[in-house]
Amino acid sequence: MTRSDFRFFHRLRVRWAEVDMQKIVFNAHYLMYFDTAITDYWRALALPYHETMAQLEGDLYVVKATVEFHASARVDDQIDVALRCSRIGTSSLSFTGAIFRGDEHLISGELIYVFADPATQKSRPVPPALREALNAYEAGEIMSSVRVGPWSELGADAQRLRTAVFVEEQRIPKELEWDEADATALHAVAYNRLGRAVATGRMLPHEPGVARVGRMAVERSLRGSRLGRDVLLALMGAARERGDSEVMLHAQRSAEGFYARLGFVRRGEPFEEAGIPHQEMVAKL
């Protein structure tokens, strides 16, 4: 196998605790590497695992896991764990895996799961929606889409996400989260292949020629998977189309790097908003 056989890669660094007295990775850890990567694979599909399985009324159970050793990884190696869904049967999914150090193929693996009823653990047919999502990803297709529109169309999905992120996770009081601006704002919501809303944001006029973006929220398990980027770019595109020349926002300090990578720069001094440190940032359109 070569790197070109795979679309998905998960990079990690071998830790000291993972090598044995021969100073190479202890063999059992390679299965852990594959298991860690499969979690990120679902993220690449924009499918929050637990919520997706609940939606599909089933779960995946490993029935076979194999590892074939070609060469060893050592402490501090940066390795790429590659995975692809290589077969979808009636009730089973087969994943082919490989671990690379650069272009060197170190390890081969196979993981076979069965889709089953969580209560009885008896196998069930793989749902068509899951089959379609897996095939689409392996075919190189985009796994999410962004809709832009008013609160009347997108409000229910945006509200669920914002409640989970801001009210429940960050403990922002409800009375600070919800305001009358939602009714007039332009909203963007990202949806995965199963129709689940997974990211959102809104945009309001700030002053002539300047748009203000806010309420950016991404489902917790999917952060770092470009969904927030897609929502922000959709809102910036809408601002550009209506003639705005600048976008401003109040970024939580922990998210400054995210906005900076998309061209936003700091303006002014940090401040607190709803008890959370923020920084005003702006970007030219």
# chains A, B, ... in the order shown; residues from 1 in each chain; ligands from 1
call {"tool": "closest_atom_pairs", "arguments": {"of": "region 192-243 of chain A", "to": "region 256-261 of chain A", "cutoff": "10 Å", "atoms": "only C-alpha atoms", "output": "JSON lines"}}
result
{"residue": "A:Gly224", "atom": "CA", "partner": "A:Phe258", "partner_atom": "CA", "distance": 9.2}
{"residue": "A:Arg226", "atom": "CA", "partner": "A:Phe258", "partner_atom": "CA", "distance": 10.0}
{"residue": "A:Gly228", "atom": "CA", "partner": "A:Phe258", "partner_atom": "CA", "distance": 8.9}
{"residue": "A:Arg229", "atom": "CA", "partner": "A:Phe258", "partner_atom": "CA", "distance": 8.2}
{"residue": "A:Leu232", "atom": "CA", "partner": "A:Tyr259", "partner_atom": "CA", "distance": 9.1}
call {"tool": "select_by_dssp", "arguments": {"residues": "region 28-277 of chain A", "states": "strand (DSSP E)", "output": "number ranges by chain"}}
result
A: 59-69, 78-88, 92-101, 104-116, 144-149, 186-192, 197-207, 210-218, 246-252, 265-266, 271-273, 276-277
call {"tool": "closest_residue", "arguments": {"among": "A:Lys174, A:Arg11, A:Arg253, A:His278", "to": "Asp40 (chain A)", "atoms": "only C-alpha atoms"}}
result
A:Arg11
call {"tool": "residues_around", "arguments": {"residues": "Tyr33 (chain A)", "least_positions_apart": "5", "cutoff": "12 Å", "atoms": "only C-alpha atoms", "output": "tab-separated table (two decimals) with C-alpha atoms, in the first residue's frame"}}
result
chain	number	residue	atom	x	y	z
A	9	PHE	CA	-4.78	10.54	7.38
A	10	HIS	CA	-4.46	11.12	11.11
A	11	ARG	CA	-1.06	12.37	12.27
A	12	LEU	CA	0.37	11.63	15.69
A	13	ARG	CA	3.74	11.55	17.44
A	14	VAL	CA	4.94	8.40	19.17
A	15	ARG	CA	5.17	9.02	22.92
A	18	GLU	CA	4.30	3.72	23.91
A	25	VAL	CA	6.44	0.89	19.66
A	26	PHE	CA	4.92	-1.95	21.66
A	27	ASN	CA	2.88	-4.01	19.21
A	28	ALA	CA	-0.50	-3.59	20.93
A	38	ILE	CA	-11.17	5.98	13.35
A	39	THR	CA	-12.55	8.60	15.73
A	40	ASP	CA	-11.05	11.30	13.55
A	67	VAL	CA	-2.25	-5.93	12.36
A	73	ALA	CA	7.98	3.13	14.71
A	79	ILE	CA	3.47	8.92	11.85
A	80	ASP	CA	0.37	9.11	9.69
A	81	VAL	CA	-2.42	6.62	10.31
A	82	ALA	CA	-4.35	6.14	7.07
A	83	LEU	CA	-7.81	4.59	6.81
A	97	GLY	CA	-5.55	0.83	7.48
A	98	ALA	CA	-1.88	1.65	7.07
A	99	ILE	CA	0.67	3.52	9.15
A	100	PHE	CA	3.32	5.56	7.37
A	107	ILE	CA	2.08	-1.24	9.44
A	108	SER	CA	-0.99	-2.67	7.71
A	109	GLY	CA	-4.28	-3.22	9.48
A	111	LEU	CA	-10.86	-3.37	11.22
call {"tool": "residues_around", "arguments": {"residues": "Gln55 (chain A)", "least_positions_apart": "3", "cutoff": "12 Å", "atoms": "only C-alpha atoms", "output": "VMD selection string"}}
result
chain A and resid 47 to 52 58 to 59 127 129 to 130 194 to 196
call {"tool": "write_last_selection", "arguments": {"atoms": "all heavy atoms", "output": "tab-separated table (two decimals), in the first residue's frame"}}
result
chain	number	residue	atom	x	y	z
A	47	LEU	N	-19.65	13.59	10.94
A	47	LEU	CA	-20.62	12.79	11.66
A	47	LEU	C	-20.21	12.67	13.13
A	47	LEU	O	-19.28	11.92	13.45
A	47	LEU	CB	-20.71	11.38	11.05
A	47	LEU	CG	-21.17	11.27	9.59
A	47	LEU	CD1	-21.16	9.82	9.14
A	47	LEU	CD2	-22.56	11.88	9.41
A	48	PRO	N	-20.87	13.39	14.03
A	48	PRO	CA	-20.59	13.19	15.45
A	48	PRO	C	-21.02	11.78	15.82
A	48	PRO	O	-22.20	11.43	15.69
A	48	PRO	CB	-21.44	14.26	16.15
A	48	PRO	CG	-22.53	14.57	15.17
A	48	PRO	CD	-21.95	14.36	13.80
A	49	TYR	N	-20.07	10.95	16.28
A	49	TYR	CA	-20.32	9.51	16.33
A	49	TYR	C	-21.55	9.13	17.16
A	49	TYR	O	-22.46	8.45	16.67
A	49	TYR	CB	-19.08	8.78	16.87
A	49	TYR	CG	-19.29	7.28	16.89
A	49	TYR	CD1	-19.10	6.52	15.74
A	49	TYR	CD2	-19.70	6.63	18.05
A	49	TYR	CE1	-19.32	5.16	15.74
A	49	TYR	CE2	-19.93	5.26	18.06
A	49	TYR	CZ	-19.73	4.53	16.90
A	49	TYR	OH	-19.97	3.18	16.91
A	50	HIS	N	-21.59	9.52	18.42
A	50	HIS	CA	-22.67	9.06	19.30
A	50	HIS	C	-24.04	9.56	18.83
A	50	HIS	O	-25.02	8.81	18.81
A	50	HIS	CB	-22.41	9.49	20.74
A	50	HIS	CG	-21.19	8.85	21.33
A	50	HIS	ND1	-21.14	7.50	21.62
A	50	HIS	CD2	-19.97	9.35	21.68
A	50	HIS	CE1	-19.94	7.20	22.12
A	50	HIS	NE2	-19.22	8.31	22.17
A	51	GLU	N	-24.10	10.82	18.43
A	51	GLU	CA	-25.36	11.37	17.95
A	51	GLU	C	-25.79	10.70	16.64
A	51	GLU	O	-26.98	10.47	16.42
A	51	GLU	CB	-25.22	12.88	17.77
A	51	GLU	CG	-25.04	13.67	19.05
A	51	GLU	CD	-23.59	13.64	19.57
A	51	GLU	OE1	-22.72	13.03	18.90
A	51	GLU	OE2	-23.35	14.22	20.64
A	52	THR	N	-24.81	10.39	15.80
A	52	THR	CA	-25.13	9.74	14.53
A	52	THR	C	-25.69	8.33	14.76
A	52	THR	O	-26.68	7.93	14.14
A	52	THR	CB	-23.88	9.66	13.64
A	52	THR	OG1	-23.45	10.99	13.32
A	52	THR	CG2	-24.16	8.90	12.35
A	58	GLY	N	-28.67	2.44	15.98
A	58	GLY	CA	-27.77	1.29	16.01
A	58	GLY	C	-26.42	1.71	16.56
A	58	GLY	O	-26.26	2.80	17.10
A	59	ASP	N	-25.45	0.81	16.45
A	59	ASP	CA	-24.08	1.12	16.85
A	59	ASP	C	-23.15	0.15	16.14
A	59	ASP	O	-23.59	-0.88	15.59
A	59	ASP	CB	-23.90	1.02	18.36
A	59	ASP	CG	-22.86	1.99	18.87
A	59	ASP	OD1	-21.98	2.39	18.08
A	59	ASP	OD2	-22.91	2.35	20.06
A	127	PRO	N	-27.55	1.18	7.55
A	127	PRO	CA	-28.54	2.13	7.05
A	127	PRO	C	-28.09	2.77	5.73
A	127	PRO	O	-26.90	3.09	5.57
A	127	PRO	CB	-28.63	3.18	8.16
A	127	PRO	CG	-28.18	2.46	9.39
A	127	PRO	CD	-27.12	1.51	8.93
A	129	ALA	N	-28.37	5.73	4.64
A	129	ALA	CA	-27.76	7.05	4.82
A	129	ALA	C	-26.29	6.94	5.21
A	129	ALA	O	-25.45	7.72	4.74
A	129	ALA	CB	-28.52	7.85	5.87
A	130	LEU	N	-25.96	5.96	6.05
A	130	LEU	CA	-24.57	5.75	6.43
A	130	LEU	C	-23.77	5.20	5.26
A	130	LEU	O	-22.64	5.62	5.01
A	130	LEU	CB	-24.49	4.80	7.63
A	130	LEU	CG	-23.09	4.47	8.15
A	130	LEU	CD1	-22.36	5.75	8.56
A	130	LEU	CD2	-23.17	3.50	9.32
A	194	LEU	N	-26.33	13.48	6.77
A	194	LEU	CA	-27.54	12.93	7.39
A	194	LEU	C	-28.55	14.03	7.72
A	194	LEU	O	-29.55	13.79	8.37
A	194	LEU	CB	-27.19	12.14	8.65
A	194	LEU	CG	-26.85	10.65	8.43
A	194	LEU	CD1	-25.58	10.51	7.59
A	194	LEU	CD2	-26.68	9.94	9.76
A	195	GLY	N	-28.26	15.26	7.29
A	195	GLY	CA	-29.18	16.36	7.52
A	195	GLY	C	-29.08	16.98	8.89
A	195	GLY	O	-29.92	17.81	9.25
A	196	ARG	N	-28.06	16.64	9.67
A	196	ARG	CA	-27.91	17.18	11.02
A	196	ARG	C	-27.15	18.51	10.95
A	196	ARG	O	-26.10	18.62	10.29
A	196	ARG	CB	-27.16	16.20	11.91
A	196	ARG	CG	-26.98	16.69	13.35
A	196	ARG	CD	-26.21	15.68	14.19
A	196	ARG	NE	-25.97	16.16	15.54
A	196	ARG	CZ	-26.81	16.02	16.56
A	196	ARG	NH1	-27.95	15.39	16.37
A	196	ARG	NH2	-26.54	16.48	17.76
call {"tool": "residues_around", "arguments": {"residues": "region 184-191 of chain A", "least_positions_apart": "2", "cutoff": "10 Å", "atoms": "only C-alpha atoms", "output": "PyMOL selection string"}}
result
chain A and resi 46-47+143-155+157-158+161+180-182+193-205+212-218+227-228+230-235+238-239
call {"tool": "closest_residue", "arguments": {"among": "A:Arg220, A:Arg7, A:Arg74, A:Arg131", "to": "Thr96 (chain A)", "atoms": "only C-alpha atoms"}}
result
A:Arg7
call {"tool": "closest_residue", "arguments": {"among": "A:Leu31, A:Ile24, A:Leu134, A:Met248", "to": "Val62 (chain A)", "atoms": "only C-alpha atoms"}}
result
A:Leu31
